[in-house]
Structures are given as C-alpha cells and as structure tokens.
file structure_3.txt (compact mmCIF, C-alpha atoms)
# COMPACT_ATOMS: atom_id res chain seq x y z
CA MET A 1 2.14 -18.56 54.79
CA THR A 2 4.27 -16.26 56.80
CA ASP A 3 2.47 -17.03 60.07
CA ASN A 4 5.30 -19.24 61.32
CA TYR A 5 8.10 -17.19 59.78
CA THR A 6 9.21 -13.65 60.03
CA ASP A 7 9.61 -11.67 56.84
CA GLU A 8 13.38 -12.00 57.08
CA GLU A 9 13.11 -15.79 57.48
CA PHE A 10 10.62 -16.17 54.66
CA ALA A 11 12.52 -14.03 52.14
CA PRO A 12 15.11 -16.72 51.21
CA ILE A 13 12.35 -19.35 51.06
CA ALA A 14 10.33 -17.19 48.67
CA ALA A 15 13.43 -16.58 46.56
CA ALA A 16 14.13 -20.33 46.44
CA MET A 17 10.51 -21.06 45.49
CA LYS A 18 10.72 -18.55 42.66
CA LYS A 19 13.75 -20.40 41.31
CA LEU A 20 11.84 -23.68 41.17
CA PRO A 21 10.87 -24.77 37.67
CA GLN A 22 7.21 -24.39 36.84
CA PHE A 23 5.34 -27.60 36.23
CA ALA A 24 2.10 -28.11 34.42
CA PRO A 25 -0.15 -31.05 35.29
CA SER A 26 -0.46 -33.88 32.82
CA PRO A 27 -3.49 -33.72 30.51
CA HIS A 28 -5.62 -36.21 32.50
CA PHE A 29 -4.39 -35.17 35.93
CA ALA A 30 -7.73 -33.72 37.00
CA ASP A 31 -9.62 -36.85 35.87
CA LYS A 32 -7.26 -39.12 37.77
CA VAL A 33 -7.70 -37.08 40.92
CA MET A 34 -11.47 -37.02 40.64
CA ALA A 35 -11.54 -40.79 40.03
CA ARG A 36 -10.17 -41.29 43.54
CA VAL A 37 -12.65 -39.02 45.17
CA ARG A 38 -15.22 -40.86 47.27
CA ILE A 39 -18.42 -39.09 48.11
CA GLU A 40 -20.69 -40.33 50.86
CA GLY A 41 -24.22 -41.24 49.75
CA VAL A 42 -23.42 -42.11 46.17
CA SER A 43 -21.76 -45.41 46.90
CA GLN A 44 -24.95 -47.29 45.95
CA VAL A 45 -24.73 -46.06 42.42
CA PRO A 46 -23.50 -48.99 40.34
CA ALA A 47 -20.05 -48.52 38.97
CA VAL A 48 -19.15 -49.37 35.42
CA ALA A 49 -18.19 -52.93 36.36
CA ASP A 50 -21.50 -53.46 38.16
CA ARG A 51 -23.34 -52.15 35.14
CA GLN A 52 -21.64 -54.75 32.95
CA ALA A 53 -22.85 -57.42 35.36
CA LEU A 54 -26.42 -56.24 34.85
CA GLN A 55 -26.20 -56.73 31.09
CA PRO A 56 -28.17 -59.73 29.69
CA ALA A 57 -26.36 -62.98 29.14
CA TRP A 58 -27.48 -63.37 25.55
CA PRO A 59 -25.38 -61.76 22.85
CA ALA A 60 -26.32 -58.29 21.93
CA PRO A 61 -28.06 -57.98 18.57
CA ILE A 62 -26.05 -56.63 15.70
CA GLU A 63 -26.70 -52.97 15.57
CA ARG A 64 -27.34 -51.30 12.27
CA HIS A 65 -25.15 -48.28 12.01
CA ALA A 66 -25.71 -45.47 9.61
CA PRO A 67 -22.88 -45.09 7.11
CA ALA A 68 -20.05 -42.89 8.25
CA GLN A 69 -20.52 -39.24 7.56
CA VAL A 70 -18.43 -38.25 4.58
CA PRO A 71 -17.61 -34.57 4.45
CA GLN A 72 -19.73 -33.11 1.68
CA THR A 73 -18.18 -30.87 -0.89
CA ASP A 74 -19.42 -27.33 -0.59
CA LEU A 75 -21.16 -26.86 -3.91
CA ARG A 76 -21.65 -23.17 -3.39
CA ARG A 77 -19.45 -21.13 -5.66
CA SER A 78 -18.30 -17.56 -5.55
CA ILE A 79 -20.23 -14.84 -7.34
CA PRO A 80 -17.64 -14.44 -10.16
CA ALA A 81 -17.75 -18.18 -10.77
CA ARG A 82 -21.54 -18.06 -10.94
CA ILE A 83 -21.41 -15.11 -13.33
CA ALA A 84 -18.87 -16.91 -15.53
CA ALA A 85 -20.94 -20.08 -15.53
CA THR A 86 -24.11 -18.15 -16.32
CA ALA A 87 -22.32 -16.29 -19.10
CA LEU A 88 -21.04 -19.53 -20.53
CA VAL A 89 -24.47 -21.16 -20.46
CA ALA A 90 -26.17 -18.03 -21.79
CA SER A 91 -23.72 -17.57 -24.66
CA LEU A 92 -23.95 -21.26 -25.50
CA GLY A 93 -27.72 -21.09 -25.44
CA ILE A 94 -27.92 -17.97 -27.58
CA THR A 95 -25.41 -19.38 -30.07
CA MET A 96 -27.31 -22.67 -30.34
CA THR A 97 -30.59 -20.79 -30.74
CA MET A 98 -29.11 -18.60 -33.48
CA VAL A 99 -27.65 -21.59 -35.26
CA ALA A 100 -30.99 -23.40 -35.05
CA LEU A 101 -32.93 -20.37 -36.30
CA VAL A 102 -30.58 -19.80 -39.22
CA ALA A 103 -30.36 -23.48 -40.10
CA VAL A 104 -34.06 -24.33 -39.81
CA PHE A 105 -35.77 -21.16 -40.95
CA ASN A 106 -33.00 -19.91 -43.26
CA LEU A 107 -32.97 -16.50 -41.55
CA ASP A 108 -30.72 -13.64 -42.41
CA VAL A 109 -28.91 -12.84 -39.15
CA LEU A 110 -28.31 -9.18 -39.98
CA LEU A 111 -31.94 -8.76 -40.93
CA LEU A 112 -32.99 -10.40 -37.66
CA VAL A 113 -30.68 -8.19 -35.61
CA SER A 114 -31.88 -5.08 -37.43
CA ARG A 115 -35.51 -6.02 -36.74
CA VAL A 116 -34.88 -6.77 -33.07
CA PHE A 117 -32.43 -4.02 -32.16
CA GLY A 118 -32.99 -1.46 -34.93
CA GLN A 119 -31.08 -0.40 -38.02
CA GLY A 120 -28.63 1.72 -35.99
CA THR A 121 -27.26 -1.36 -34.25
CA VAL A 122 -26.40 -3.02 -37.53
CA THR A 123 -24.67 0.12 -38.75
CA PHE A 124 -22.72 0.37 -35.50
CA LEU A 125 -21.67 -3.29 -35.62
CA SER A 126 -20.68 -3.00 -39.28
CA ALA A 127 -18.58 0.09 -38.57
CA LEU A 128 -16.96 -1.62 -35.58
CA ALA A 129 -16.11 -4.69 -37.62
CA ALA A 130 -14.73 -2.56 -40.46
CA ASP A 131 -12.56 -0.56 -38.05
CA ALA A 132 -11.25 -3.68 -36.35
CA SER A 133 -10.53 -5.30 -39.69
CA ALA A 134 -8.74 -2.19 -40.97
CA THR A 135 -6.63 -1.94 -37.80
CA ALA A 136 -5.70 -5.61 -37.89
CA THR A 137 -4.91 -5.44 -41.60
CA GLY A 138 -2.83 -2.31 -41.13
CA THR A 139 -0.87 -3.79 -38.23
CA ALA A 140 -0.29 -7.02 -40.09
CA ALA A 141 0.74 -5.14 -43.22
CA GLY A 142 3.13 -2.98 -41.23
CA ALA A 143 4.63 -5.97 -39.51
CA GLY A 144 4.85 -7.84 -42.79
CA ALA A 145 6.50 -4.91 -44.52
CA THR A 146 9.25 -4.71 -41.93
CA ALA A 147 9.52 -8.44 -41.33
CA GLY A 148 11.99 -9.12 -44.09
CA THR A 149 14.15 -6.07 -43.53
CA VAL A 150 17.08 -5.74 -41.15
CA THR A 151 15.10 -3.31 -39.01
CA GLY A 152 12.20 -5.75 -38.75
CA ILE A 153 14.42 -8.62 -37.72
CA ALA A 154 16.25 -6.43 -35.23
CA VAL A 155 12.98 -5.18 -33.73
CA MET A 156 11.61 -8.72 -33.36
CA ALA A 157 14.87 -9.93 -31.86
CA SER A 158 14.81 -7.02 -29.43
CA PHE A 159 11.28 -7.93 -28.39
CA ALA A 160 12.25 -11.54 -27.78
CA ALA A 161 15.37 -10.47 -25.88
CA GLY A 162 13.34 -8.05 -23.79
CA ALA A 163 10.77 -10.72 -22.93
CA ILE A 164 13.43 -13.25 -21.93
CA ALA A 165 15.45 -10.68 -19.99
CA ALA A 166 12.39 -9.37 -18.18
CA THR A 167 11.29 -12.88 -17.18
CA ALA A 168 14.75 -13.73 -15.89
CA ALA A 169 15.00 -10.42 -14.06
CA LEU A 170 11.60 -10.91 -12.44
CA ARG A 171 12.57 -14.40 -11.30
CA ALA A 172 15.75 -13.01 -9.77
CA ALA A 173 13.83 -10.15 -8.18
CA ALA A 174 11.29 -12.57 -6.70
CA THR A 175 14.04 -14.71 -5.20
CA ALA A 176 15.95 -11.71 -3.85
CA SER A 177 12.89 -10.05 -2.33
CA ARG A 178 11.78 -13.35 -0.77
CA LYS A 179 15.18 -13.78 0.86
CA ALA A 180 15.17 -10.17 2.01
CA ALA A 181 11.75 -10.63 3.58
CA MET B 182 6.82 10.60 -26.27
CA PHE B 183 8.34 12.33 -23.24
CA GLY B 184 4.93 13.76 -22.36
CA ILE B 185 3.33 10.33 -22.45
CA VAL B 186 6.05 8.87 -20.23
CA ILE B 187 5.76 11.72 -17.71
CA GLY B 188 2.00 11.29 -17.72
CA TRP B 189 2.34 7.58 -17.00
CA ILE B 190 4.80 8.29 -14.18
CA LEU B 191 2.24 10.60 -12.58
CA ILE B 192 -0.63 8.14 -13.04
CA VAL B 193 1.33 5.17 -11.70
CA SER B 194 2.61 7.23 -8.77
CA ILE B 195 -0.84 8.47 -7.76
CA ILE B 196 -2.46 5.05 -8.05
CA GLY B 197 0.50 3.40 -6.30
CA PHE B 198 0.47 5.79 -3.35
CA THR B 199 -3.29 5.40 -3.03
CA LEU B 200 -2.97 1.63 -3.13
CA MET B 201 -0.30 1.67 -0.46
CA ALA B 202 -2.40 3.91 1.73
CA PHE B 203 -5.59 1.86 1.51
CA GLY B 204 -4.60 -1.61 0.36
CA ALA B 205 -1.03 -2.35 1.39
CA ASP B 206 -2.05 -5.79 2.67
CA LYS B 207 -3.55 -6.69 -0.71
CA LEU B 208 -0.39 -5.51 -2.44
CA GLN B 209 1.65 -7.69 -0.10
CA ILE B 210 -0.50 -10.70 -1.00
CA VAL B 211 0.10 -10.20 -4.73
CA ILE B 212 3.83 -9.77 -4.16
CA HIS B 213 3.84 -12.96 -2.09
CA THR B 214 2.09 -14.81 -4.92
CA MET B 215 4.76 -13.67 -7.35
CA GLN B 216 7.51 -14.65 -4.96
CA GLN B 217 6.11 -18.17 -4.91
CA GLY B 218 6.45 -18.50 -8.66
CA VAL B 219 6.91 -15.95 -11.41
CA GLY B 220 6.18 -18.57 -14.07
CA LYS B 221 2.77 -19.37 -12.62
CA SER B 222 1.86 -15.70 -12.47
CA LEU B 223 3.08 -15.12 -16.03
CA GLY B 224 1.12 -18.11 -17.33
CA SER B 225 -2.00 -17.01 -15.47
CA GLY B 226 -1.56 -13.52 -16.87
CA LEU B 227 -1.34 -14.79 -20.44
CA LEU B 228 -4.44 -16.93 -19.92
CA GLY B 229 -6.22 -13.99 -18.33
CA GLN B 230 -5.39 -11.76 -21.27
CA LEU B 231 -6.74 -14.37 -23.65
CA ALA B 232 -9.95 -14.39 -21.60
CA ILE B 233 -10.49 -10.63 -21.86
CA LEU B 234 -12.31 -10.75 -25.22
CA PRO B 235 -14.58 -13.68 -24.28
CA GLY B 236 -15.24 -11.88 -21.01
CA ALA B 237 -16.35 -8.75 -22.87
CA VAL B 238 -18.59 -10.88 -25.10
CA ALA B 239 -20.03 -12.53 -22.00
CA VAL B 240 -20.79 -9.12 -20.50
CA VAL B 241 -22.61 -8.08 -23.68
CA VAL B 242 -24.55 -11.36 -23.84
CA LEU B 243 -25.55 -11.19 -20.19
CA LEU B 244 -26.69 -7.59 -20.50
CA ALA B 245 -28.55 -8.34 -23.72
CA ALA B 246 -30.75 -10.79 -21.84
CA THR B 247 -32.96 -7.96 -20.60
CA LEU B 248 -34.33 -4.83 -22.25
CA ILE B 249 -32.75 -2.52 -19.66
CA GLY B 250 -29.50 -4.45 -20.00
CA ILE B 251 -29.36 -3.69 -23.73
CA LEU B 252 -29.27 0.00 -22.92
CA LEU B 253 -26.50 -0.64 -20.39
CA ILE B 254 -24.22 -2.55 -22.79
CA PRO B 255 -21.88 0.41 -23.48
CA LEU B 256 -21.67 1.17 -19.76
CA GLY B 257 -21.05 -2.49 -18.96
CA LEU B 258 -18.28 -2.72 -21.52
CA VAL B 259 -16.63 0.42 -20.16
CA ALA B 260 -16.90 -0.94 -16.60
CA PHE B 261 -15.39 -4.24 -17.71
CA MET B 262 -12.46 -2.54 -19.42
CA VAL B 263 -11.91 -0.28 -16.40
CA ALA B 264 -11.85 -3.36 -14.18
CA VAL B 265 -9.33 -5.10 -16.46
CA ALA B 266 -7.16 -1.98 -16.61
CA GLY B 267 -7.36 -1.65 -12.83
CA ILE B 268 -6.23 -5.22 -12.30
CA ALA B 269 -3.36 -4.69 -14.75
CA MET B 270 -2.32 -1.49 -12.99
CA PHE B 271 -2.53 -3.19 -9.58
CA GLY B 272 -0.35 -5.99 -10.91
CA PHE B 273 2.19 -3.62 -12.41
CA ILE B 274 2.48 -1.73 -9.12
CA ALA B 275 3.06 -5.03 -7.33
CA VAL B 276 5.76 -5.98 -9.85
CA ALA B 277 7.42 -2.59 -9.48
CA THR B 278 7.34 -2.87 -5.68
CA MET B 279 8.82 -6.36 -5.76
CA THR B 280 11.56 -5.26 -8.16
CA GLY B 281 12.33 -2.28 -5.98
CA ALA B 282 12.42 -4.48 -2.87
CA ALA B 283 14.97 -6.72 -4.57
CA LEU B 284 17.11 -3.75 -5.57
CA THR B 285 16.98 -2.07 -2.16
CA SER B 286 17.21 -5.23 -0.06
CA SER B 287 20.80 -4.47 0.97
CA THR B 288 19.89 -1.07 2.41
CA LYS B 289 18.14 -1.21 5.78
CA ARG B 290 17.40 2.45 6.20
CA ASP B 291 13.67 2.26 6.76
CA GLU B 292 12.19 2.26 10.22
CA THR B 293 8.77 0.90 9.25
CA PRO B 294 7.49 -1.68 6.75
CA SER B 295 5.42 1.03 5.08
CA GLY B 296 8.53 3.10 4.55
CA ALA B 297 10.35 0.13 3.06
CA MET B 298 7.41 -0.56 0.75
CA LEU B 299 7.27 3.05 -0.36
CA ARG B 300 10.98 3.04 -1.12
CA SER B 301 10.62 -0.23 -3.03
CA PHE B 302 7.72 1.10 -5.07
CA PHE B 303 9.55 4.30 -5.90
CA THR B 304 12.69 2.41 -6.95
CA GLY B 305 10.83 -0.13 -9.04
CA THR B 306 8.71 2.47 -10.79
CA ALA B 307 11.84 4.50 -11.51
CA VAL B 308 13.46 1.45 -13.11
CA PHE B 309 10.53 0.56 -15.36
CA LEU B 310 9.59 4.08 -16.37
CA GLY B 311 13.26 5.08 -16.58
CA LEU B 312 13.55 2.53 -19.37
CA TRP B 313 10.80 4.39 -21.21
CA LEU B 314 12.54 7.72 -20.62
CA VAL B 315 15.73 6.32 -22.17
CA THR B 316 13.68 4.93 -25.04
CA ALA B 317 12.04 8.30 -25.57
CA ALA B 318 15.40 10.04 -25.53
CA LEU B 319 16.89 7.68 -28.13
CA SER B 320 13.81 7.22 -30.29
CA GLY B 321 15.21 9.45 -33.07
CA ILE B 322 18.15 7.17 -33.83
CA PRO B 323 17.32 5.09 -36.93
CA LEU B 324 17.94 1.45 -35.93
CA LEU B 325 18.55 1.76 -32.20
CA GLY B 326 15.32 3.69 -31.54
CA PRO B 327 12.89 1.01 -32.78
CA MET B 328 14.99 -1.73 -31.20
CA LEU B 329 14.95 -0.01 -27.81
CA GLU B 330 11.24 0.66 -28.10
CA SER B 331 10.60 -3.00 -28.88
CA PHE B 332 12.80 -4.11 -25.98
CA THR B 333 11.08 -1.80 -23.51
CA THR B 334 7.66 -2.83 -24.79
CA ALA B 335 8.54 -6.47 -24.16
CA VAL B 336 9.80 -5.72 -20.64
CA THR B 337 6.66 -3.75 -19.81
CA PHE B 338 4.44 -6.43 -21.35
CA ILE B 339 6.05 -9.16 -19.24
CA ALA B 340 5.83 -7.03 -16.10
CA VAL B 341 2.17 -6.13 -16.61
CA THR B 342 1.24 -9.69 -17.60
CA THR B 343 3.00 -11.17 -14.58
CA GLY B 344 1.33 -8.72 -12.24
CA PHE B 345 -2.04 -9.26 -13.89
CA GLY B 346 -1.67 -13.00 -13.49
CA ALA B 347 -0.55 -12.67 -9.87
CA VAL B 348 -3.66 -10.67 -9.01
CA LEU B 349 -5.89 -13.24 -10.73
CA LEU B 350 -4.05 -16.10 -9.05
CA SER B 351 -4.34 -14.51 -5.61
CA TYR B 352 -8.04 -13.93 -6.17
CA TRP B 353 -8.57 -17.46 -7.45
CA ARG B 354 -6.85 -18.93 -4.40
CA GLY B 355 -9.06 -16.83 -2.13
CA GLU B 356 -6.14 -15.08 -0.45
CA PHE B 357 -7.82 -11.68 -0.50
CA LYS B 358 -10.81 -13.11 1.38
CA ARG B 359 -8.54 -14.71 3.97
CA THR B 360 -7.03 -11.29 4.72
CA ASP B 361 -10.46 -9.77 5.08
CA ALA B 362 -11.49 -12.54 7.46
CA ALA B 363 -8.31 -12.12 9.50
CA SER B 364 -8.79 -8.38 9.80

call {"tool": "encode", "arguments": {"input": "structure_3.txt", "output": "structure tokens"}}
result
Amino acid sequence: MTDNYTDEEFAPIAAAMKKLPQFAPSPHFADKVMARVRIEGVSQVPAVADRQALQPAWPAPIERHAPAQVPQTDLRRSIPARIAATALVASLGITMTMVALVAVFNLDVLLLVSRVFGQGTVTFLSALAADASATATGTAAGAGATAGTVTGIAVMASFAAGAIAATAALRAAATASRKAA
Amino acid sequence: MFGIVIGWILIVSIIGFTLMAFGADKLQIVIHTMQQGVGKSLGSGLLGQLAILPGAVAVVVLLAATLIGILLIPLGLVAFMVAVAGIAMFGFIAVATMTGAALTSSTKRDETPSGAMLRSFFTGTAVFLGLWLVTAALSGIPLLGPMLESFTTAVTFIAVTTGFGAVLLSYWRGEFKRTDAAS
C-alpha cells in the first residue's frame, strides 16, 4: 500500500481512511456477486431458464403433499408432576378399592387394617386421631371462649389489620425494590 | 418468649447467609417473582398450604404401596415436612430480602450486588424479627400484649405465605431450571 507513498505522505491518507464510516455489505451481496461470475467450461450447464424449457408441455400432475407438520405438544412432564399424578391415581384407586371392599363384603376397615398392618398400627392411628381431635377441640374452644369478649374481638381485629397491613406493605416493598433494581 | 425470638433470629440468619453464599441466583429469582405480583404469590402460597395435608397423605399412600415403603412412612413424612419447612424458610428469606431492599433503596453504599443483598437481608430480617422482639417485650400487658401478638402473627403469616407461594410459582414456571441451563 505504501509502495508509491512515503510514510509521511501516507499518514494523512491513513488518518482519513480511519475516519471513513464502516459499511457492512447487504445481506445478499455475496450471492449477487457470485451470480455475475462466469467460469469457463461450465457454460454448457443449462441455466434455470433452459431447464424450464426442458420441462414437458403437458401439465404437471397434482402432487399429493403430506399435511403440514404441526408442532407436537411435549407430553413429557416433570418428575414432581409425575409423582403428583401417580399419587392422585394411587389414592383414588386405593379409596375406590376400600369403598368397594367395605360396600360389597361389609368389611370392618379397622379390622382389615389391623390384620394387614398389625394391631400396633391401629393403636397408633387411634392415638393420632384422638390427639388431633383434642387439639382441634381445644383450639376451637379457646377461640370460642374469647370470641365474644372484648379481648377476643380485639385480637381478631388485630389479626385482620396485621394481614391487611402486611399485604399492603409487601406490595409497596415489591414496587420500591423493583424500581430500585 | 425472648429466647424463642433470639433462637429464630439465629436460625434465619444462618440459613439466610448460607442461601446467599450458595444460592443467591435462586433467591433473586424468587424475589423477581414477588416483584411481578405479590397477590399471585400470596394466592399460590395459600393454595400450597392447603395442599400440604393432601401431599402428606399422598406420600403415605405412595410409600404404602410396597412393603419396604411401609417401613419408610415415618421417614417419608419427616422428609416431606422438612421440605415444606425449607420452602417456607426460603420464601421468608426472600421476603425479608425484598423488604430490606425496599427500605435501603435510597442508600447506595454497597460496592457489589452481594453486599447490597446482604444489607437488604439483614435489614428485612431485623424488621420482621424486631416486631417479635417488641411483641415479646410487651406481652405482659393485658390487652395490648395479645393484640400485638395477633398482629405480628398475621404479618409473619402473610410474609411466609407470600414467600412460600413465590417459591412454588417460580418452580412451577421453570425459572430455576432456566438459571441452571444458563449457568
């Protein structure tokens, strides 16, 4: 490049070239260039127009096309979804089986459970149910005892106020933190 | 009551710092989910809490399908409850961090995002557990004590439920997987 110029002469030219805006070729630039390229020896190859001339005169038969490919829904599900579905089907199946056994054969469920899983299981389940019942009854009784009093009303009102205030505060916090981010 | 509150502060702090050290991106996802809609997260949290008992029943039923599974029922139930408690704790930490970020948004004293997140978490946790400290301090007063306790319980319940729902929502939308794929 600098064969015809000295370094001093070429320096302003290089500076001016650097100031030129950079252009990118259009998307089909390379195709357009290659379309004009003529290569010796391949001229006998029929061009697209010649190929059309070689086509038969009769109308082309109607082609049968396969239906357009519709994107298929991916029926695979995640492992938790499979577990949940299996649990749902299993619990439904066990419930229906139990209902059928009790209804048809008039079985005693506790007796069946004790025979299958042992007497200890029935005792454990009975104790668990009794504990849960006692806790629920005690909580309900406690709530009922204070429900009519001033303290009970004040406590319930405080709970409602706290829930509303917390929801409003969280909404405000979400908006503020989103703006800050 | 003070002892319980101090214990919770320690537990939340330890789990929160651990989460920020090893799963800050996940925490950010949950916070982002809440920022998109607190109502959705709260609704999802309420639905999720309603599904806890059926979920435990499902675990028992699934394990009862096999003989070895019957022996593992207590272990399975414990694992299920630990998982639920973990999700709730994760959600609460996200709520605390988001609250702290809102409160400290005006101060730009942190050099790194991790520092800002740590400050936000500390501030938010101080707010929520500070409420419990005030409640513990005033619990002896006849009418005010139960009222404050009820108020603070409601605030904590909403915070935990919203965070719980945000974690479930993020998981349901597959946002955790997207982060894994990106990294």

call {"tool": "interface_residues", "arguments": {"input": "structure_3.txt", "of": "chain A", "to": "chain B", "cutoff": "7 Å", "atoms": "only C-alpha atoms", "output": "JSON list (two decimals) with C-alpha atoms, in the frame of the given file"}}
result
[["chain", "number", "residue", "atom", "x", "y", "z"],
["A", 87, "ALA", "CA", -22.32, -16.29, -19.10],
["A", 91, "SER", "CA", -23.72, -17.57, -24.66],
["A", 151, "THR", "CA", 15.10, -3.31, -39.01],
["A", 154, "ALA", "CA", 16.25, -6.43, -35.23],
["A", 155, "VAL", "CA", 12.98, -5.18, -33.73],
["A", 158, "SER", "CA", 14.81, -7.02, -29.43],
["A", 159, "PHE", "CA", 11.28, -7.93, -28.39],
["A", 161, "ALA", "CA", 15.37, -10.47, -25.88],
["A", 162, "GLY", "CA", 13.34, -8.05, -23.79],
["A", 163, "ALA", "CA", 10.77, -10.72, -22.93],
["A", 166, "ALA", "CA", 12.39, -9.37, -18.18],
["A", 167, "THR", "CA", 11.29, -12.88, -17.18],
["A", 170, "LEU", "CA", 11.60, -10.91, -12.44],
["A", 171, "ARG", "CA", 12.57, -14.40, -11.30],
["A", 173, "ALA", "CA", 13.83, -10.15, -8.18],
["A", 174, "ALA", "CA", 11.29, -12.57, -6.70],
["A", 175, "THR", "CA", 14.04, -14.71, -5.20],
["A", 176, "ALA", "CA", 15.95, -11.71, -3.85],
["A", 177, "SER", "CA", 12.89, -10.05, -2.33],
["A", 178, "ARG", "CA", 11.78, -13.35, -0.77],
["A", 180, "ALA", "CA", 15.17, -10.17, 2.01]]

call {"tool": "closest_residue", "arguments": {"input": "structure_3.txt", "among": "B:Val308, B:Ile274, B:Leu349, B:Ala266", "to": "Ser194 in chain B", "atoms": "only C-alpha atoms"}}
result
B:Ile274

call {"tool": "closest_residue", "arguments": {"input": "structure_3.txt", "among": "B:Val341, B:Ala297, B:Ala205, B:Pro255", "to": "Phe309 in chain B", "atoms": "only C-alpha atoms"}}
result
B:Val341

call {"tool": "atom_distance", "arguments": {"input": "structure_3.txt", "atom1": "CA of Ala237 in chain B", "atom2": "CA of Met262 in chain B"}}
result
8.1 Å

call {"tool": "atom_distance", "arguments": {"input": "structure_3.txt", "atom1": "CA of Ile192 in chain B", "atom2": "CA of Phe261 in chain B"}}
result
19.8 Å

call {"tool": "closest_residue", "arguments": {"input": "structure_3.txt", "among": "B:Ile322, B:Ala347, B:Ala275, B:Ala317", "to": "Met182 in chain B", "atoms": "all atoms listed in the file"}}
result
B:Ala317

call {"tool": "atom_distance", "arguments": {"input": "structure_3.txt", "atom1": "CA of Leu350 in chain B", "atom2": "CA of Val265 in chain B"}}
result
14.3 Å

call {"tool": "build_atoms", "arguments": {"input": "structure_3.txt", "residues": "range 222-236 of chain B", "atoms": "N, CA and C atoms", "output": "JSON list (two decimals), in the coordinates of the input"}}
result
[["chain", "number", "residue", "atom", "x", "y", "z"],
["B", 222, "SER", "N", 2.54, -16.99, -12.31],
["B", 222, "SER", "CA", 1.86, -15.70, -12.47],
["B", 222, "SER", "C", 1.86, -15.29, -13.95],
["B", 223, "LEU", "N", 2.99, -15.50, -14.62],
["B", 223, "LEU", "CA", 3.08, -15.12, -16.03],
["B", 223, "LEU", "C", 2.10, -15.95, -16.86],
["B", 224, "GLY", "N", 2.05, -17.24, -16.60],
["B", 224, "GLY", "CA", 1.12, -18.11, -17.33],
["B", 224, "GLY", "C", -0.33, -17.72, -17.07],
["B", 225, "SER", "N", -0.63, -17.44, -15.80],
["B", 225, "SER", "CA", -2.00, -17.01, -15.47],
["B", 225, "SER", "C", -2.33, -15.69, -16.15],
["B", 226, "GLY", "N", -1.34, -14.81, -16.22],
["B", 226, "GLY", "CA", -1.56, -13.52, -16.87],
["B", 226, "GLY", "C", -1.85, -13.68, -18.35],
["B", 227, "LEU", "N", -1.10, -14.56, -19.01],
["B", 227, "LEU", "CA", -1.34, -14.79, -20.44],
["B", 227, "LEU", "C", -2.74, -15.38, -20.66],
["B", 228, "LEU", "N", -3.10, -16.34, -19.81],
["B", 228, "LEU", "CA", -4.44, -16.93, -19.92],
["B", 228, "LEU", "C", -5.52, -15.87, -19.66],
["B", 229, "GLY", "N", -5.26, -15.05, -18.66],
["B", 229, "GLY", "CA", -6.22, -13.99, -18.33],
["B", 229, "GLY", "C", -6.39, -13.01, -19.47],
["B", 230, "GLN", "N", -5.28, -12.68, -20.14],
["B", 230, "GLN", "CA", -5.39, -11.76, -21.27],
["B", 230, "GLN", "C", -6.16, -12.39, -22.42],
["B", 231, "LEU", "N", -5.98, -13.69, -22.60],
["B", 231, "LEU", "CA", -6.74, -14.37, -23.65],
["B", 231, "LEU", "C", -8.24, -14.39, -23.33],
["B", 232, "ALA", "N", -8.54, -14.32, -22.02],
["B", 232, "ALA", "CA", -9.95, -14.39, -21.60],
["B", 232, "ALA", "C", -10.62, -13.03, -21.61],
["B", 233, "ILE", "N", -9.89, -11.97, -21.92],
["B", 233, "ILE", "CA", -10.49, -10.63, -21.86],
["B", 233, "ILE", "C", -11.61, -10.49, -22.91],
["B", 234, "LEU", "N", -11.31, -10.91, -24.15],
["B", 234, "LEU", "CA", -12.31, -10.75, -25.22],
["B", 234, "LEU", "C", -13.55, -11.62, -24.97],
["B", 235, "PRO", "N", -13.38, -12.91, -24.63],
["B", 235, "PRO", "CA", -14.58, -13.68, -24.28],
["B", 235, "PRO", "C", -15.34, -13.10, -23.09],
["B", 236, "GLY", "N", -14.59, -12.51, -22.17],
["B", 236, "GLY", "CA", -15.24, -11.88, -21.01],
["B", 236, "GLY", "C", -16.09, -10.71, -21.44]]
